[in-house]
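Q: Coordinates in my_file-v9.cif, mmCIF, N, CA and C atoms, are listed below.
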```cif
data_start
loop_
_atom_site.group_PDB
_atom_site.id
_atom_site.type_symbol
_atom_site.label_atom_id
_atom_site.label_comp_id
_atom_site.auth_asym_id
_atom_site.auth_seq_id
_atom_site.Cartn_x
_atom_site.Cartn_y
_atom_site.Cartn_z
ATOM 1 N N MET A 1 -29.971 122.982 -5.432
ATOM 2 C CA MET A 1 -29.160 121.983 -4.777
ATOM 3 C C MET A 1 -29.485 121.984 -3.273
ATOM 4 N N GLU A 2 -29.689 120.813 -2.723
ATOM 5 C CA GLU A 2 -30.041 120.690 -1.313
ATOM 6 C C GLU A 2 -28.799 120.603 -0.444
ATOM 7 N N ASN A 3 -28.923 121.127 0.763
ATOM 8 C CA ASN A 3 -27.827 121.083 1.726
ATOM 9 C C ASN A 3 -28.075 119.919 2.678
ATOM 10 N N TYR A 4 -27.200 118.929 2.691
ATOM 11 C CA TYR A 4 -27.358 117.747 3.528
ATOM 12 C C TYR A 4 -26.432 117.758 4.736
ATOM 13 N N GLU A 5 -25.792 118.898 4.989
ATOM 14 C CA GLU A 5 -24.903 118.980 6.133
ATOM 15 C C GLU A 5 -25.716 119.123 7.414
ATOM 16 N N THR A 6 -25.209 118.574 8.490
ATOM 17 C CA THR A 6 -25.875 118.664 9.785
ATOM 18 C C THR A 6 -25.877 120.110 10.258
ATOM 19 N N GLN A 7 -27.043 120.573 10.653
ATOM 20 C CA GLN A 7 -27.179 121.930 11.169
ATOM 21 C C GLN A 7 -26.917 121.918 12.665
ATOM 22 N N LYS A 8 -26.302 122.954 13.167
ATOM 23 C CA LYS A 8 -26.005 123.057 14.592
ATOM 24 C C LYS A 8 -26.970 124.040 15.230
ATOM 25 N N PHE A 9 -27.650 123.579 16.280
ATOM 26 C CA PHE A 9 -28.605 124.412 16.997
ATOM 27 C C PHE A 9 -27.989 124.788 18.332
ATOM 28 N N GLN A 10 -27.988 126.092 18.647
ATOM 29 C CA GLN A 10 -27.347 126.540 19.865
ATOM 30 C C GLN A 10 -27.993 127.844 20.322
ATOM 31 N N PHE A 11 -28.139 128.003 21.632
ATOM 32 C CA PHE A 11 -28.577 129.288 22.152
ATOM 33 C C PHE A 11 -27.732 129.646 23.369
ATOM 34 N N GLY A 12 -27.735 130.929 23.720
ATOM 35 C CA GLY A 12 -26.846 131.428 24.761
ATOM 36 C C GLY A 12 -27.256 131.065 26.174
ATOM 37 N N ALA A 13 -26.317 131.284 27.102
ATOM 38 C CA ALA A 13 -26.534 130.951 28.515
ATOM 39 C C ALA A 13 -27.676 131.763 29.110
ATOM 40 N N SER A 14 -27.803 133.013 28.731
ATOM 41 C CA SER A 14 -28.879 133.823 29.301
ATOM 42 C C SER A 14 -30.235 133.289 28.861
ATOM 43 N N ARG A 15 -30.337 132.820 27.657
ATOM 44 C CA ARG A 15 -31.573 132.209 27.174
ATOM 45 C C ARG A 15 -31.859 130.933 27.961
ATOM 46 N N GLU A 16 -30.827 130.167 28.229
ATOM 47 C CA GLU A 16 -30.988 128.934 28.994
ATOM 48 C C GLU A 16 -31.485 129.241 30.405
ATOM 49 N N ASP A 17 -30.946 130.262 31.032
ATOM 50 C CA ASP A 17 -31.394 130.660 32.369
ATOM 51 C C ASP A 17 -32.859 131.091 32.342
ATOM 52 N N TYR A 18 -33.239 131.817 31.299
ATOM 53 C CA TYR A 18 -34.626 132.250 31.121
ATOM 54 C C TYR A 18 -35.553 131.034 31.017
ATOM 55 N N ILE A 19 -35.156 130.052 30.235
ATOM 56 C CA ILE A 19 -35.956 128.842 30.053
ATOM 57 C C ILE A 19 -36.046 128.063 31.363
ATOM 58 N N LYS A 20 -34.942 127.956 32.085
ATOM 59 C CA LYS A 20 -34.951 127.270 33.379
ATOM 60 C C LYS A 20 -35.930 127.941 34.339
ATOM 61 N N SER A 21 -35.973 129.268 34.336
ATOM 62 C CA SER A 21 -36.896 129.968 35.239
ATOM 63 C C SER A 21 -38.342 129.703 34.850
ATOM 64 N N ILE A 22 -38.610 129.589 33.568
ATOM 65 C CA ILE A 22 -39.966 129.270 33.116
ATOM 66 C C ILE A 22 -40.330 127.848 33.531
ATOM 67 N N ILE A 23 -39.435 126.905 33.329
ATOM 68 C CA ILE A 23 -39.691 125.514 33.720
ATOM 69 C C ILE A 23 -39.999 125.442 35.215
ATOM 70 N N THR A 24 -39.211 126.138 36.011
ATOM 71 C CA THR A 24 -39.399 126.134 37.460
ATOM 72 C C THR A 24 -40.749 126.733 37.850
ATOM 73 N N SER A 25 -41.119 127.841 37.234
ATOM 74 C CA SER A 25 -42.397 128.499 37.534
ATOM 75 C C SER A 25 -43.582 127.633 37.125
ATOM 76 N N VAL A 26 -43.495 127.030 35.949
ATOM 77 C CA VAL A 26 -44.582 126.179 35.460
ATOM 78 C C VAL A 26 -44.703 124.937 36.338
ATOM 79 N N TYR A 27 -43.585 124.357 36.702
ATOM 80 C CA TYR A 27 -43.576 123.189 37.590
ATOM 81 C C TYR A 27 -44.284 123.516 38.906
ATOM 82 N N ALA A 28 -43.939 124.654 39.491
ATOM 83 C CA ALA A 28 -44.540 125.063 40.767
ATOM 84 C C ALA A 28 -46.039 125.285 40.624
ATOM 85 N N ALA A 29 -46.463 125.914 39.551
ATOM 86 C CA ALA A 29 -47.893 126.168 39.337
ATOM 87 C C ALA A 29 -48.664 124.860 39.189
ATOM 88 N N LEU A 30 -48.114 123.917 38.454
ATOM 89 C CA LEU A 30 -48.767 122.615 38.286
ATOM 90 C C LEU A 30 -48.864 121.883 39.622
ATOM 91 N N GLN A 31 -47.792 121.946 40.383
ATOM 92 C CA GLN A 31 -47.772 121.287 41.688
ATOM 93 C C GLN A 31 -48.800 121.920 42.633
ATOM 94 N N GLU A 32 -48.882 123.246 42.633
ATOM 95 C CA GLU A 32 -49.842 123.964 43.486
ATOM 96 C C GLU A 32 -51.283 123.562 43.175
ATOM 97 N N LYS A 33 -51.549 123.287 41.914
ATOM 98 C CA LYS A 33 -52.910 122.911 41.511
ATOM 99 C C LYS A 33 -53.178 121.416 41.678
ATOM 100 N N GLY A 34 -52.185 120.654 42.137
ATOM 101 C CA GLY A 34 -52.386 119.242 42.415
ATOM 102 C C GLY A 34 -52.127 118.306 41.250
ATOM 103 N N TYR A 35 -51.526 118.818 40.189
ATOM 104 C CA TYR A 35 -51.188 117.982 39.041
ATOM 105 C C TYR A 35 -49.830 117.330 39.245
ATOM 106 N N ASN A 36 -49.555 116.281 38.476
ATOM 107 C CA ASN A 36 -48.217 115.694 38.419
ATOM 108 C C ASN A 36 -47.437 116.526 37.394
ATOM 109 N N PRO A 37 -46.553 117.411 37.860
ATOM 110 C CA PRO A 37 -45.878 118.337 36.945
ATOM 111 C C PRO A 37 -45.095 117.661 35.832
ATOM 112 N N VAL A 38 -44.429 116.562 36.136
ATOM 113 C CA VAL A 38 -43.629 115.875 35.115
ATOM 114 C C VAL A 38 -44.530 115.343 34.011
ATOM 115 N N SER A 39 -45.606 114.659 34.379
ATOM 116 C CA SER A 39 -46.527 114.105 33.378
ATOM 117 C C SER A 39 -47.156 115.199 32.531
ATOM 118 N N GLN A 40 -47.553 116.279 33.164
ATOM 119 C CA GLN A 40 -48.193 117.371 32.428
ATOM 120 C C GLN A 40 -47.225 118.038 31.460
ATOM 121 N N MET A 41 -45.991 118.252 31.908
ATOM 122 C CA MET A 41 -45.014 118.899 31.033
ATOM 123 C C MET A 41 -44.608 117.987 29.878
ATOM 124 N N VAL A 42 -44.496 116.694 30.145
ATOM 125 C CA VAL A 42 -44.205 115.745 29.064
ATOM 126 C C VAL A 42 -45.349 115.758 28.048
ATOM 127 N N GLY A 43 -46.571 115.754 28.531
ATOM 128 C CA GLY A 43 -47.727 115.813 27.636
ATOM 129 C C GLY A 43 -47.686 117.040 26.751
ATOM 130 N N TYR A 44 -47.334 118.167 27.330
ATOM 131 C CA TYR A 44 -47.240 119.402 26.555
ATOM 132 C C TYR A 44 -46.118 119.329 25.520
ATOM 133 N N ILE A 45 -44.943 118.892 25.955
ATOM 134 C CA ILE A 45 -43.800 118.829 25.035
ATOM 135 C C ILE A 45 -44.070 117.870 23.886
ATOM 136 N N MET A 46 -44.676 116.729 24.173
ATOM 137 C CA MET A 46 -44.937 115.735 23.133
ATOM 138 C C MET A 46 -46.038 116.168 22.158
ATOM 139 N N SER A 47 -47.074 116.799 22.681
ATOM 140 C CA SER A 47 -48.233 117.103 21.839
ATOM 141 C C SER A 47 -48.303 118.548 21.351
ATOM 142 N N GLY A 48 -47.735 119.456 22.119
ATOM 143 C CA GLY A 48 -47.868 120.871 21.794
ATOM 144 C C GLY A 48 -49.186 121.455 22.254
ATOM 145 N N ASP A 49 -49.987 120.659 22.941
ATOM 146 C CA ASP A 49 -51.305 121.103 23.409
ATOM 147 C C ASP A 49 -51.136 121.877 24.713
ATOM 148 N N PRO A 50 -51.383 123.184 24.701
ATOM 149 C CA PRO A 50 -51.167 123.997 25.896
ATOM 150 C C PRO A 50 -52.122 123.689 27.047
ATOM 151 N N THR A 51 -53.186 122.935 26.789
ATOM 152 C CA THR A 51 -54.118 122.622 27.878
ATOM 153 C C THR A 51 -53.527 121.638 28.886
ATOM 154 N N TYR A 52 -52.368 121.062 28.589
ATOM 155 C CA TYR A 52 -51.672 120.246 29.581
ATOM 156 C C TYR A 52 -51.125 121.109 30.717
ATOM 157 N N ILE A 53 -50.991 122.404 30.461
ATOM 158 C CA ILE A 53 -50.422 123.330 31.432
ATOM 159 C C ILE A 53 -51.530 124.210 32.005
ATOM 160 N N THR A 54 -51.574 124.302 33.328
ATOM 161 C CA THR A 54 -52.574 125.116 33.992
ATOM 162 C C THR A 54 -52.368 126.597 33.673
ATOM 163 N N SER A 55 -53.437 127.341 33.738
ATOM 164 C CA SER A 55 -53.320 128.791 33.574
ATOM 165 C C SER A 55 -53.006 129.469 34.912
ATOM 166 N N HIS A 56 -53.002 128.689 35.990
ATOM 167 C CA HIS A 56 -52.676 129.188 37.332
ATOM 168 C C HIS A 56 -51.308 129.874 37.315
ATOM 169 N N ASN A 57 -51.236 131.053 37.915
ATOM 170 C CA ASN A 57 -49.999 131.849 37.967
ATOM 171 C C ASN A 57 -49.404 132.127 36.581
ATOM 172 N N ASN A 58 -50.273 132.190 35.589
ATOM 173 C CA ASN A 58 -49.855 132.527 34.224
ATOM 174 C C ASN A 58 -48.919 131.482 33.596
ATOM 175 N N ALA A 59 -48.964 130.240 34.108
ATOM 176 C CA ALA A 59 -48.042 129.192 33.657
ATOM 177 C C ALA A 59 -48.212 128.863 32.173
ATOM 178 N N ARG A 60 -49.442 128.800 31.708
ATOM 179 C CA ARG A 60 -49.674 128.442 30.298
ATOM 180 C C ARG A 60 -49.093 129.502 29.372
ATOM 181 N N SER A 61 -49.278 130.737 29.729
ATOM 182 C CA SER A 61 -48.725 131.827 28.925
ATOM 183 C C SER A 61 -47.201 131.815 28.950
ATOM 184 N N LEU A 62 -46.643 131.536 30.118
ATOM 185 C CA LEU A 62 -45.181 131.488 30.250
ATOM 186 C C LEU A 62 -44.565 130.408 29.368
ATOM 187 N N ILE A 63 -45.097 129.207 29.454
ATOM 188 C CA ILE A 63 -44.477 128.095 28.727
ATOM 189 C C ILE A 63 -44.578 128.275 27.214
ATOM 190 N N ARG A 64 -45.574 129.025 26.775
ATOM 191 C CA ARG A 64 -45.727 129.241 25.335
ATOM 192 C C ARG A 64 -44.757 130.284 24.793
ATOM 193 N N LYS A 65 -43.992 130.925 25.667
ATOM 194 C CA LYS A 65 -42.976 131.886 25.235
ATOM 195 C C LYS A 65 -41.709 131.193 24.748
ATOM 196 N N VAL A 66 -41.649 129.872 24.961
ATOM 197 C CA VAL A 66 -40.459 129.091 24.620
ATOM 198 C C VAL A 66 -40.862 127.966 23.669
ATOM 199 N N GLU A 67 -40.052 127.735 22.663
ATOM 200 C CA GLU A 67 -40.300 126.629 21.739
ATOM 201 C C GLU A 67 -40.113 125.306 22.479
ATOM 202 N N ARG A 68 -40.894 124.315 22.105
ATOM 203 C CA ARG A 68 -40.815 123.017 22.778
ATOM 204 C C ARG A 68 -39.445 122.373 22.627
ATOM 205 N N ASP A 69 -38.784 122.555 21.503
ATOM 206 C CA ASP A 69 -37.454 121.966 21.332
ATOM 207 C C ASP A 69 -36.436 122.627 22.262
ATOM 208 N N GLU A 70 -36.629 123.904 22.569
ATOM 209 C CA GLU A 70 -35.750 124.577 23.525
ATOM 210 C C GLU A 70 -35.967 124.025 24.940
ATOM 211 N N LEU A 71 -37.234 123.796 25.300
ATOM 212 C CA LEU A 71 -37.536 123.198 26.598
ATOM 213 C C LEU A 71 -36.851 121.844 26.720
ATOM 214 N N LEU A 72 -37.005 121.042 25.694
ATOM 215 C CA LEU A 72 -36.424 119.702 25.699
ATOM 216 C C LEU A 72 -34.901 119.755 25.786
ATOM 217 N N GLU A 73 -34.295 120.670 25.064
ATOM 218 C CA GLU A 73 -32.834 120.774 25.096
ATOM 219 C C GLU A 73 -32.334 121.118 26.500
ATOM 220 N N VAL A 74 -32.987 122.070 27.164
ATOM 221 C CA VAL A 74 -32.575 122.451 28.517
ATOM 222 C C VAL A 74 -32.768 121.285 29.480
ATOM 223 N N LEU A 75 -33.879 120.575 29.357
ATOM 224 C CA LEU A 75 -34.143 119.440 30.242
ATOM 225 C C LEU A 75 -33.128 118.313 30.047
ATOM 226 N N VAL A 76 -32.827 117.985 28.806
ATOM 227 C CA VAL A 76 -31.857 116.917 28.524
ATOM 228 C C VAL A 76 -30.463 117.342 28.999
ATOM 229 N N LYS A 77 -30.099 118.569 28.734
ATOM 230 C CA LYS A 77 -28.784 119.062 29.153
ATOM 231 C C LYS A 77 -28.651 118.985 30.671
ATOM 232 N N HIS A 78 -29.673 119.409 31.373
ATOM 233 C CA HIS A 78 -29.647 119.362 32.836
ATOM 234 C C HIS A 78 -29.529 117.917 33.325
ATOM 235 N N TYR A 79 -30.275 117.016 32.706
ATOM 236 C CA TYR A 79 -30.244 115.605 33.089
ATOM 237 C C TYR A 79 -28.835 115.020 32.902
ATOM 238 N N ILE A 80 -28.240 115.293 31.777
ATOM 239 C CA ILE A 80 -26.914 114.756 31.462
ATOM 240 C C ILE A 80 -25.855 115.332 32.414
ATOM 241 N N GLU A 81 -25.965 116.610 32.730
ATOM 242 C CA GLU A 81 -24.982 117.253 33.601
ATOM 243 C C GLU A 81 -25.113 116.800 35.055
ATOM 244 N N GLU A 82 -26.290 116.363 35.437
ATOM 245 C CA GLU A 82 -26.492 115.894 36.812
ATOM 246 C C GLU A 82 -26.096 114.460 36.852
#
```
Take the structure from the file and write it as structure tokens.
A:
Amino acid sequence: MENYETQKFQFGASREDYIKSIITSVYAALQEKGYNPVSQMVGYIMSGDPTYITSHNNARSLIRKVERDELLEVLVKHYIEE
């Protein structure tokens, strides 16, 4: 029998802070290398292709520590709260 109930996805505040710090670090690394950080991060989130993220300052390795849906959730939450 299949379960058709809506699943609830949630993670704790400390995890959210960790993700925010990764987003900030990756953004800074992309900016330092002369990329448009927003476009590059959107490309990564949409495609899953890590080559959208520079390896400068270990940014590519950092962003891969977080699932793309978690990145998106933190970004949307921040947007809505602002």
Q: Fewer than 6 positions away in the same chain doesn't count, so skip those; otherwise give me all residues within 8 Å of segment 31-38 of chain A, counting only N, CA and C atoms, as a PyMOL selection string.
A: chain A and resi 25+44+54+56
Q: Expanded to explicit residues, what is the PyMOL selection byres (((chain A and resi 59-76 and name CA) around 9) and name CA) for this file, as a PyMOL selection string?
A: chain A and resi 11+16+19-20+22-23+25-30+44-46+48+50-58+77-81
Q: Please, what distance in Å, to one decimal, runs between atom C of Met41 of chain A and atom C of Ser21 of chain A?
A: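 Atom-to-atom, atom C of Met41 of chain A and atom C of Ser21 of chain A are spaced 14.2 Å apart.
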Q: How far is it from atom N of Asp17 of chain A to atom CA of Glu82 of chain A, in Å with one decimal?
A: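 Atom CA of Glu82 of chain A lies 16.1 Å from atom N of Asp17 of chain A.
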Q: Determine which residues of chain A DSSP labels as alpha helix (DSSP H) from the backbone of this structure, then write them out as a count of residues only.
A: 50
